[in-house]
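File shown here: coords-v4.pdb, holding PDB, C-alpha atoms.
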ATOM      1  CA  MET A   1      71.153  35.673 144.280  1.00  0.00           C
ATOM      2  CA  PRO A   2      72.260  38.968 145.902  1.00  0.00           C
ATOM      3  CA  VAL A   3      75.461  38.875 147.935  1.00  0.00           C
ATOM      4  CA  GLY A   4      74.794  37.769 151.518  1.00  0.00           C
ATOM      5  CA  GLU A   5      71.393  36.269 150.726  1.00  0.00           C
ATOM      6  CA  GLN A   6      70.819  32.701 151.908  1.00  0.00           C
ATOM      7  CA  PRO A   7      70.033  30.018 149.325  1.00  0.00           C
ATOM      8  CA  ALA A   8      66.308  29.245 149.042  1.00  0.00           C
ATOM      9  CA  TYR A   9      66.610  25.728 150.490  1.00  0.00           C
ATOM     10  CA  LEU A  10      68.242  27.111 153.664  1.00  0.00           C
ATOM     11  CA  ARG A  11      65.507  29.745 154.053  1.00  0.00           C
ATOM     12  CA  VAL A  12      62.831  27.042 153.737  1.00  0.00           C
ATOM     13  CA  ALA A  13      64.705  24.754 156.156  1.00  0.00           C
ATOM     14  CA  GLU A  14      65.018  27.613 158.667  1.00  0.00           C
ATOM     15  CA  ASP A  15      61.283  28.297 158.579  1.00  0.00           C
ATOM     16  CA  LEU A  16      60.439  24.606 159.011  1.00  0.00           C
ATOM     17  CA  ARG A  17      63.036  24.372 161.804  1.00  0.00           C
ATOM     18  CA  ARG A  18      61.353  27.339 163.530  1.00  0.00           C
ATOM     19  CA  GLN A  19      57.957  25.628 163.241  1.00  0.00           C
ATOM     20  CA  ILE A  20      59.409  22.473 164.803  1.00  0.00           C
ATOM     21  CA  ARG A  21      61.097  24.462 167.592  1.00  0.00           C
ATOM     22  CA  GLU A  22      57.871  26.375 168.360  1.00  0.00           C
ATOM     23  CA  GLY A  23      55.741  23.217 168.319  1.00  0.00           C
ATOM     24  CA  VAL A  24      53.702  24.195 165.250  1.00  0.00           C
ATOM     25  CA  LEU A  25      55.060  20.955 163.781  1.00  0.00           C
ATOM     26  CA  ALA A  26      54.926  18.695 166.832  1.00  0.00           C
ATOM     27  CA  PRO A  27      56.822  15.403 167.277  1.00  0.00           C
ATOM     28  CA  HIS A  28      55.366  12.561 165.154  1.00  0.00           C
ATOM     29  CA  THR A  29      53.649  15.112 162.872  1.00  0.00           C
ATOM     30  CA  ARG A  30      54.091  14.555 159.153  1.00  0.00           C
ATOM     31  CA  LEU A  31      56.220  17.256 157.528  1.00  0.00           C
ATOM     32  CA  PRO A  32      54.475  18.980 154.610  1.00  0.00           C
ATOM     33  CA  SER A  33      54.955  17.042 151.383  1.00  0.00           C
ATOM     34  CA  GLN A  34      57.423  18.181 148.763  1.00  0.00           C
ATOM     35  CA  ALA A  35      54.492  19.497 146.691  1.00  0.00           C
ATOM     36  CA  ASP A  36      53.097  21.390 149.708  1.00  0.00           C
ATOM     37  CA  ILE A  37      56.511  22.924 150.461  1.00  0.00           C
ATOM     38  CA  ARG A  38      56.884  23.883 146.802  1.00  0.00           C
ATOM     39  CA  ALA A  39      53.464  25.610 146.808  1.00  0.00           C
ATOM     40  CA  ALA A  40      53.800  27.271 150.234  1.00  0.00           C
ATOM     41  CA  TYR A  41      57.230  28.765 149.598  1.00  0.00           C
ATOM     42  CA  GLY A  42      57.086  29.205 145.813  1.00  0.00           C
ATOM     43  CA  VAL A  43      60.176  27.063 145.265  1.00  0.00           C
ATOM     44  CA  SER A  44      61.191  24.173 143.003  1.00  0.00           C
ATOM     45  CA  ASP A  45      61.073  20.472 143.831  1.00  0.00           C
ATOM     46  CA  THR A  46      64.850  20.516 144.185  1.00  0.00           C
ATOM     47  CA  VAL A  47      64.718  23.310 146.792  1.00  0.00           C
ATOM     48  CA  ALA A  48      61.948  21.528 148.726  1.00  0.00           C
ATOM     49  CA  LEU A  49      63.914  18.256 148.687  1.00  0.00           C
ATOM     50  CA  GLU A  50      67.147  19.946 149.817  1.00  0.00           C
ATOM     51  CA  ALA A  51      65.344  21.719 152.690  1.00  0.00           C
ATOM     52  CA  ARG A  52      64.008  18.361 153.901  1.00  0.00           C
ATOM     53  CA  ARG A  53      67.491  16.838 153.582  1.00  0.00           C
ATOM     54  CA  VAL A  54      68.938  19.593 155.780  1.00  0.00           C
ATOM     55  CA  LEU A  55      66.362  18.859 158.499  1.00  0.00           C
ATOM     56  CA  MET A  56      67.103  15.115 158.225  1.00  0.00           C
ATOM     57  CA  ALA A  57      70.845  15.731 158.521  1.00  0.00           C
ATOM     58  CA  GLU A  58      70.192  17.792 161.657  1.00  0.00           C
ATOM     59  CA  GLY A  59      68.166  14.939 163.139  1.00  0.00           C
ATOM     60  CA  LEU A  60      64.966  17.000 163.374  1.00  0.00           C
ATOM     61  CA  VAL A  61      62.954  14.783 161.007  1.00  0.00           C
ATOM     62  CA  GLU A  62      63.073  11.205 159.786  1.00  0.00           C
ATOM     63  CA  GLY A  63      61.910   9.641 156.564  1.00  0.00           C
ATOM     64  CA  ARG A  64      59.608   6.637 156.677  1.00  0.00           C
ATOM     65  CA  SER A  65      59.632   4.628 153.483  1.00  0.00           C
ATOM     66  CA  GLY A  66      56.315   4.898 151.672  1.00  0.00           C
ATOM     67  CA  SER A  67      54.821   7.116 154.369  1.00  0.00           C
ATOM     68  CA  GLY A  68      56.582  10.489 154.356  1.00  0.00           C
ATOM     69  CA  THR A  69      58.834  12.572 156.549  1.00  0.00           C
ATOM     70  CA  TYR A  70      57.989  13.030 160.232  1.00  0.00           C
ATOM     71  CA  VAL A  71      59.142  15.324 163.018  1.00  0.00           C
ATOM     72  CA  ARG A  72      61.290  13.351 165.456  1.00  0.00           C
ATOM     73  CA  GLU A  73      60.759  13.239 169.192  1.00  0.00           C
ATOM     74  CA  ARG A  74      63.149  15.638 170.888  1.00  0.00           C
ATOM     75  CA  PRO A  75      65.116  13.875 173.612  1.00  0.00           C
ATOM     76  CA  GLU A  76      65.342  15.496 177.008  1.00  0.00           C
ATOM     77  CA  PRO A  77      68.739  17.114 177.496  1.00  0.00           C
ATOM     78  CA  ARG A  78      70.945  15.221 179.940  1.00  0.00           C
ATOM     79  CA  ARG A  79      73.004  17.080 182.453  1.00  0.00           C
ATOM     80  CA  VAL A  80      76.664  16.126 182.392  1.00  0.00           C
ATOM     81  CA  HIS A  81      78.136  16.161 185.879  1.00  0.00           C
ATOM     82  CA  ARG A  82      81.735  17.128 186.033  1.00  0.00           C
ATOM     83  CA  SER A  83      84.247  18.859 188.182  1.00  0.00           C
ATOM     84  CA  ALA A  84      84.748  22.568 187.552  1.00  0.00           C
ATOM     85  CA  HIS A  85      88.458  21.999 188.038  1.00  0.00           C
ATOM     86  CA  ARG A  86      90.457  19.371 186.192  1.00  0.00           C
ATOM     87  CA  PRO A  87      94.031  18.877 187.356  1.00  0.00           C
ATOM     88  CA  ALA A  88      96.643  18.251 184.664  1.00  0.00           C
ATOM     89  CA  GLY A  89      96.649  14.675 183.423  1.00  0.00           C
ATOM     90  CA  GLU A  90      93.010  13.948 184.281  1.00  0.00           C
ATOM     91  CA  CYS A  91      90.450  13.016 181.682  1.00  0.00           C
ATOM     92  CA  SER A  92      88.048  15.165 179.638  1.00  0.00           C
ATOM     93  CA  PRO A  93      84.450  15.880 180.770  1.00  0.00           C
ATOM     94  CA  PHE A  94      83.220  13.157 178.375  1.00  0.00           C
ATOM     95  CA  ARG A  95      85.670  10.647 179.843  1.00  0.00           C
ATOM     96  CA  GLN A  96      84.612  11.703 183.381  1.00  0.00           C
ATOM     97  CA  GLU A  97      81.006  10.925 182.441  1.00  0.00           C
ATOM     98  CA  GLN A  98      82.130   7.579 181.004  1.00  0.00           C
ATOM     99  CA  ALA A  99      83.797   6.627 184.289  1.00  0.00           C
ATOM    100  CA  ASP A 100      80.309   5.684 185.511  1.00  0.00           C
ATOM    101  CA  GLU A 101      80.019   1.931 184.769  1.00  0.00           C
ATOM    102  CA  ARG A 102      76.338   2.384 183.889  1.00  0.00           C
ATOM    103  CA  VAL A 103      77.130   4.760 181.000  1.00  0.00           C
ATOM    104  CA  ARG A 104      79.006   3.702 177.864  1.00  0.00           C
ATOM    105  CA  GLY A 105      79.667   6.034 174.994  1.00  0.00           C
ATOM    106  CA  VAL A 106      81.669   6.593 171.853  1.00  0.00           C
ATOM    107  CA  TRP A 107      82.790   9.622 169.919  1.00  0.00           C
ATOM    108  CA  GLU A 108      83.232  10.492 166.271  1.00  0.00           C
ATOM    109  CA  ALA A 109      85.450  13.198 164.813  1.00  0.00           C
ATOM    110  CA  ARG A 110      85.722  14.799 161.398  1.00  0.00           C
ATOM    111  CA  SER A 111      88.433  17.293 160.447  1.00  0.00           C
ATOM    112  CA  GLU A 112      88.404  19.724 157.540  1.00  0.00           C
ATOM    113  CA  ARG A 113      90.970  22.241 156.418  1.00  0.00           C
ATOM    114  CA  GLY A 114      89.564  25.746 156.006  1.00  0.00           C
ATOM    115  CA  THR A 115      90.202  29.416 156.630  1.00  0.00           C
ATOM    116  CA  ALA A 116      89.572  31.412 159.778  1.00  0.00           C
ATOM    117  CA  GLY A 117      86.546  33.667 159.669  1.00  0.00           C
ATOM    118  CA  PRO A 118      86.569  36.883 161.713  1.00  0.00           C
ATOM    119  CA  ALA A 119      85.236  35.301 164.949  1.00  0.00           C
ATOM    120  CA  VAL A 120      87.593  32.303 164.825  1.00  0.00           C
ATOM    121  CA  ALA A 121      90.536  34.534 163.911  1.00  0.00           C
ATOM    122  CA  ARG A 122      89.886  36.737 166.963  1.00  0.00           C
ATOM    123  CA  ARG A 123      89.718  33.732 169.292  1.00  0.00           C
ATOM    124  CA  LEU A 124      92.902  32.193 167.882  1.00  0.00           C
ATOM    125  CA  ALA A 125      94.737  35.527 167.611  1.00  0.00           C
ATOM    126  CA  VAL A 126      95.421  34.964 163.900  1.00  0.00           C
ATOM    127  CA  GLU A 127      94.477  36.897 160.779  1.00  0.00           C
ATOM    128  CA  ALA A 128      91.083  36.314 159.131  1.00  0.00           C
ATOM    129  CA  GLY A 129      91.723  34.035 156.160  1.00  0.00           C
ATOM    130  CA  ASP A 130      94.626  32.159 157.802  1.00  0.00           C
ATOM    131  CA  ALA A 131      94.627  28.394 157.247  1.00  0.00           C
ATOM    132  CA  VAL A 132      93.009  26.409 160.067  1.00  0.00           C
ATOM    133  CA  MET A 133      91.937  22.851 160.809  1.00  0.00           C
ATOM    134  CA  CYS A 134      88.367  22.549 162.066  1.00  0.00           C
ATOM    135  CA  THR A 135      87.513  19.344 163.927  1.00  0.00           C
ATOM    136  CA  ARG A 136      83.928  18.565 164.882  1.00  0.00           C
ATOM    137  CA  TYR A 137      83.308  15.964 167.561  1.00  0.00           C
ATOM    138  CA  LEU A 138      80.056  14.153 168.272  1.00  0.00           C
ATOM    139  CA  TYR A 139      79.916  12.285 171.566  1.00  0.00           C
ATOM    140  CA  ARG A 140      77.245   9.581 171.815  1.00  0.00           C
ATOM    141  CA  VAL A 141      75.798   7.418 174.567  1.00  0.00           C
ATOM    142  CA  ALA A 142      73.456   4.456 174.118  1.00  0.00           C
ATOM    143  CA  ASP A 143      70.340   6.599 173.762  1.00  0.00           C
ATOM    144  CA  GLY A 144      71.810   9.097 171.276  1.00  0.00           C
ATOM    145  CA  PRO A 145      73.970  12.198 170.953  1.00  0.00           C
ATOM    146  CA  MET A 146      75.229  13.641 174.238  1.00  0.00           C
ATOM    147  CA  MET A 147      77.616  16.464 173.379  1.00  0.00           C
ATOM    148  CA  LEU A 148      78.931  18.387 170.384  1.00  0.00           C
ATOM    149  CA  SER A 149      82.321  20.049 170.351  1.00  0.00           C
ATOM    150  CA  THR A 150      84.242  22.000 167.714  1.00  0.00           C
ATOM    151  CA  SER A 151      87.930  22.819 167.841  1.00  0.00           C
ATOM    152  CA  TRP A 152      89.989  25.079 165.607  1.00  0.00           C
ATOM    153  CA  GLU A 153      93.759  24.872 165.263  1.00  0.00           C
ATOM    154  CA  PRO A 154      95.888  27.383 163.338  1.00  0.00           C
ATOM    155  CA  LEU A 155      97.776  25.336 160.749  1.00  0.00           C
ATOM    156  CA  ARG A 156     100.854  27.535 161.018  1.00  0.00           C
ATOM    157  CA  LEU A 157     101.261  26.009 164.522  1.00  0.00           C
ATOM    158  CA  THR A 158      99.916  22.484 164.085  1.00  0.00           C
ATOM    159  CA  GLY A 159     100.274  21.844 160.347  1.00  0.00           C
ATOM    160  CA  ARG A 160     103.382  19.683 160.600  1.00  0.00           C
ATOM    161  CA  THR A 161     102.576  17.995 163.903  1.00  0.00           C
ATOM    162  CA  PRO A 162     100.497  14.970 164.977  1.00  0.00           C
ATOM    163  CA  VAL A 163      97.879  17.442 166.239  1.00  0.00           C
ATOM    164  CA  VAL A 164      96.859  18.386 162.681  1.00  0.00           C
ATOM    165  CA  LEU A 165      94.403  15.444 162.554  1.00  0.00           C
ATOM    166  CA  PRO A 166      93.488  14.872 166.196  1.00  0.00           C
ATOM    167  CA  GLU A 167      91.291  11.847 165.497  1.00  0.00           C
ATOM    168  CA  GLU A 168      94.213   9.927 163.934  1.00  0.00           C
ATOM    169  CA  GLY A 169      97.770   9.071 164.851  1.00  0.00           C
ATOM    170  CA  PRO A 170      99.547   8.850 168.213  1.00  0.00           C
ATOM    171  CA  LEU A 171      97.402  11.513 169.899  1.00  0.00           C
ATOM    172  CA  ALA A 172      94.010  10.054 168.946  1.00  0.00           C
TER     173      ALA A 172
END

In structure tokens, write the structure found in this file.
Amino acid sequence: MPVGEQPAYLRVAEDLRRQIREGVLAPHTRLPSQADIRAAYGVSDTVALEARRVLMAEGLVEGRSGSGTYVRERPEPRRVHRSAHRPAGECSPFRQEQADERVRGVWEARSERGTAGPAVARRLAVEAGDAVMCTRYLYRVADGPMMLSTSWEPLRLTGRTPVVLPEEGPLA
């Protein structure tokens, strides 16, 4: 594979994702079978399977045992109402939304150590390649995902503090 070229399964997933986004593959439509994907894109069974797994992981399709893989209904985006100004000590936008007794939600977080790419390095004012902690948050309400958030911390600043794993410890 030439340098900079995407793996085949990601190229196939991107094309299927585009078809879903454009409505060519509408909600409740059966995704092409593994054999059809293999023939249409000239790829192996493994590539076809991995492309479908990517779409499942993204929540765009769902597998139905014995029936196939189907395009999921796309939920209507919900508008989160929040103040444009948050005085020190007040809660986050997610917690503001949760203050409504009719809405109950939870959040999940996953942190991974990595290195800063050029864009992240610019935003953090560090060198590309510096060690960072990347934490991805998924905020959910009863009817599904509500908000995604990603934070990056330079480990030279947070590496030996409770902030290094924000989802654990005294600052969770």

- Ground truth for the PyMOL selection byres ((chain A and resi 61) around 10), written as a ChimeraX atom specification: /A:17,20,27-31,52-60,62-64,69-74

- On this file, the PyMOL selection byres ((chain A and resi 139) around 9) gives some set of residues; write that set as a ChimeraX atom specification. /A:94,105-109,137-138,140-141,144-149

- Written as JSON, numbers by chain, which residues does the PyMOL selection byres ((chain A and resi 33) around 10) give for the file shown? {"A": [30, 31, 32, 34, 35, 36, 37, 38, 39, 48, 49, 52, 68, 69]}

Once 4 Å is added on each side, what centre and edge lengths in Å to one decimal does the axis-aligned box around all listed atoms of segment 145-150 of chain A have, as JSON?
{"center_x": 79.1, "center_y": 17.1, "center_z": 171.0, "size_x": 18.3, "size_y": 17.8, "size_z": 14.5}

- Message: Just want the 8 Å neighbourhood of Thr150 of chain A, counted on only C-alpha atoms, with same-chain residues fewer than 4 positions away dropped. Output as a ChimeraX atom specification.
- Response: /A:134-137

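Picture a line from atom CA of Ser65 of chain A to atom CA of Leu10 of chain A; it runs 24.1 Å.
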
- Query: Between atom CA of Leu25 of chain A and atom CA of Gln6 of chain A, what is the spacing in Å?
  - Reply: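 Atom CA of Leu25 of chain A lies at a distance of 23.0 Å from atom CA of Gln6 of chain A.
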
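One finds atom CA of Arg11 of chain A at 29.3 Å from atom CA of Ala131 of chain A.
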
Could segment 103-114 of chain A be completed with all heavy atoms and returned as a short mmCIF file (atom, residue, chain, number, x, y, z; two decimals), in the frame of the given file?
data_model
loop_
_atom_site.label_atom_id
_atom_site.label_comp_id
_atom_site.auth_asym_id
_atom_site.auth_seq_id
_atom_site.Cartn_x
_atom_site.Cartn_y
_atom_site.Cartn_z
N VAL A 103 77.20 3.96 182.22
CA VAL A 103 77.13 4.76 181.00
C VAL A 103 78.28 4.37 180.08
O VAL A 103 79.43 4.37 180.49
CB VAL A 103 77.24 6.27 181.34
CG1 VAL A 103 77.20 7.11 180.07
CG2 VAL A 103 76.15 6.69 182.30
N ARG A 104 77.98 4.03 178.85
CA ARG A 104 79.01 3.70 177.86
C ARG A 104 78.77 4.54 176.62
O ARG A 104 77.66 4.61 176.11
CB ARG A 104 78.97 2.22 177.48
CG ARG A 104 79.61 1.34 178.52
CD ARG A 104 81.13 1.57 178.56
NE ARG A 104 81.62 1.35 179.89
CZ ARG A 104 82.25 2.26 180.64
NH1 ARG A 104 82.50 3.43 180.20
NH2 ARG A 104 82.66 1.98 181.84
N GLY A 105 79.81 5.17 176.16
CA GLY A 105 79.67 6.03 174.99
C GLY A 105 80.82 5.91 174.04
O GLY A 105 81.82 5.26 174.32
N VAL A 106 80.65 6.55 172.90
CA VAL A 106 81.67 6.59 171.85
C VAL A 106 81.70 8.02 171.32
O VAL A 106 80.80 8.81 171.58
CB VAL A 106 81.37 5.62 170.70
CG1 VAL A 106 81.40 4.17 171.19
CG2 VAL A 106 80.02 5.93 170.06
N TRP A 107 82.73 8.32 170.56
CA TRP A 107 82.79 9.62 169.92
C TRP A 107 83.27 9.47 168.49
O TRP A 107 83.94 8.53 168.14
CB TRP A 107 83.65 10.59 170.71
CG TRP A 107 85.08 10.18 170.91
CD1 TRP A 107 85.55 9.36 171.88
CD2 TRP A 107 86.20 10.56 170.13
NE1 TRP A 107 86.90 9.20 171.76
CE2 TRP A 107 87.33 9.94 170.69
CE3 TRP A 107 86.36 11.37 169.03
CZ2 TRP A 107 88.60 10.11 170.17
CZ3 TRP A 107 87.63 11.54 168.51
CH2 TRP A 107 88.73 10.92 169.09
N GLU A 108 82.84 10.43 167.68
CA GLU A 108 83.23 10.49 166.27
C GLU A 108 83.86 11.85 166.04
O GLU A 108 83.47 12.82 166.68
CB GLU A 108 82.00 10.38 165.37
CG GLU A 108 81.17 9.15 165.59
CD GLU A 108 79.79 9.28 164.97
OE1 GLU A 108 79.54 10.23 164.19
OE2 GLU A 108 78.94 8.44 165.29
N ALA A 109 84.82 11.92 165.13
CA ALA A 109 85.45 13.20 164.81
C ALA A 109 85.62 13.31 163.31
O ALA A 109 85.83 12.30 162.62
CB ALA A 109 86.80 13.32 165.50
N ARG A 110 85.52 14.53 162.82
CA ARG A 110 85.72 14.80 161.40
C ARG A 110 86.47 16.11 161.28
O ARG A 110 86.05 17.13 161.82
CB ARG A 110 84.38 14.89 160.68
CG ARG A 110 84.48 15.04 159.18
CD ARG A 110 83.12 14.97 158.52
NE ARG A 110 82.15 15.83 159.14
CZ ARG A 110 81.85 17.06 158.72
NH1 ARG A 110 82.45 17.56 157.67
NH2 ARG A 110 80.94 17.77 159.34
N SER A 111 87.62 16.09 160.60
CA SER A 111 88.43 17.29 160.45
C SER A 111 88.40 17.78 159.01
O SER A 111 88.40 16.98 158.07
CB SER A 111 89.89 17.01 160.84
OG SER A 111 89.98 16.71 162.20
N GLU A 112 88.38 19.11 158.87
CA GLU A 112 88.40 19.72 157.54
C GLU A 112 89.32 20.94 157.58
O GLU A 112 89.25 21.74 158.52
CB GLU A 112 87.01 20.19 157.13
CG GLU A 112 86.04 19.08 156.88
CD GLU A 112 84.66 19.61 156.50
OE1 GLU A 112 84.30 20.72 156.96
OE2 GLU A 112 83.97 18.93 155.75
N ARG A 113 90.12 21.06 156.56
CA ARG A 113 90.97 22.24 156.42
C ARG A 113 90.10 23.39 155.92
O ARG A 113 89.21 23.21 155.10
CB ARG A 113 92.08 21.94 155.42
CG ARG A 113 93.07 23.03 155.27
CD ARG A 113 94.07 22.68 154.17
NE ARG A 113 94.93 23.81 153.97
CZ ARG A 113 96.21 23.83 154.27
NH1 ARG A 113 96.79 22.77 154.76
NH2 ARG A 113 96.92 24.92 154.07
N GLY A 114 90.33 24.59 156.43
CA GLY A 114 89.56 25.75 156.01
C GLY A 114 90.32 27.02 156.30
O GLY A 114 91.54 26.99 156.52
#
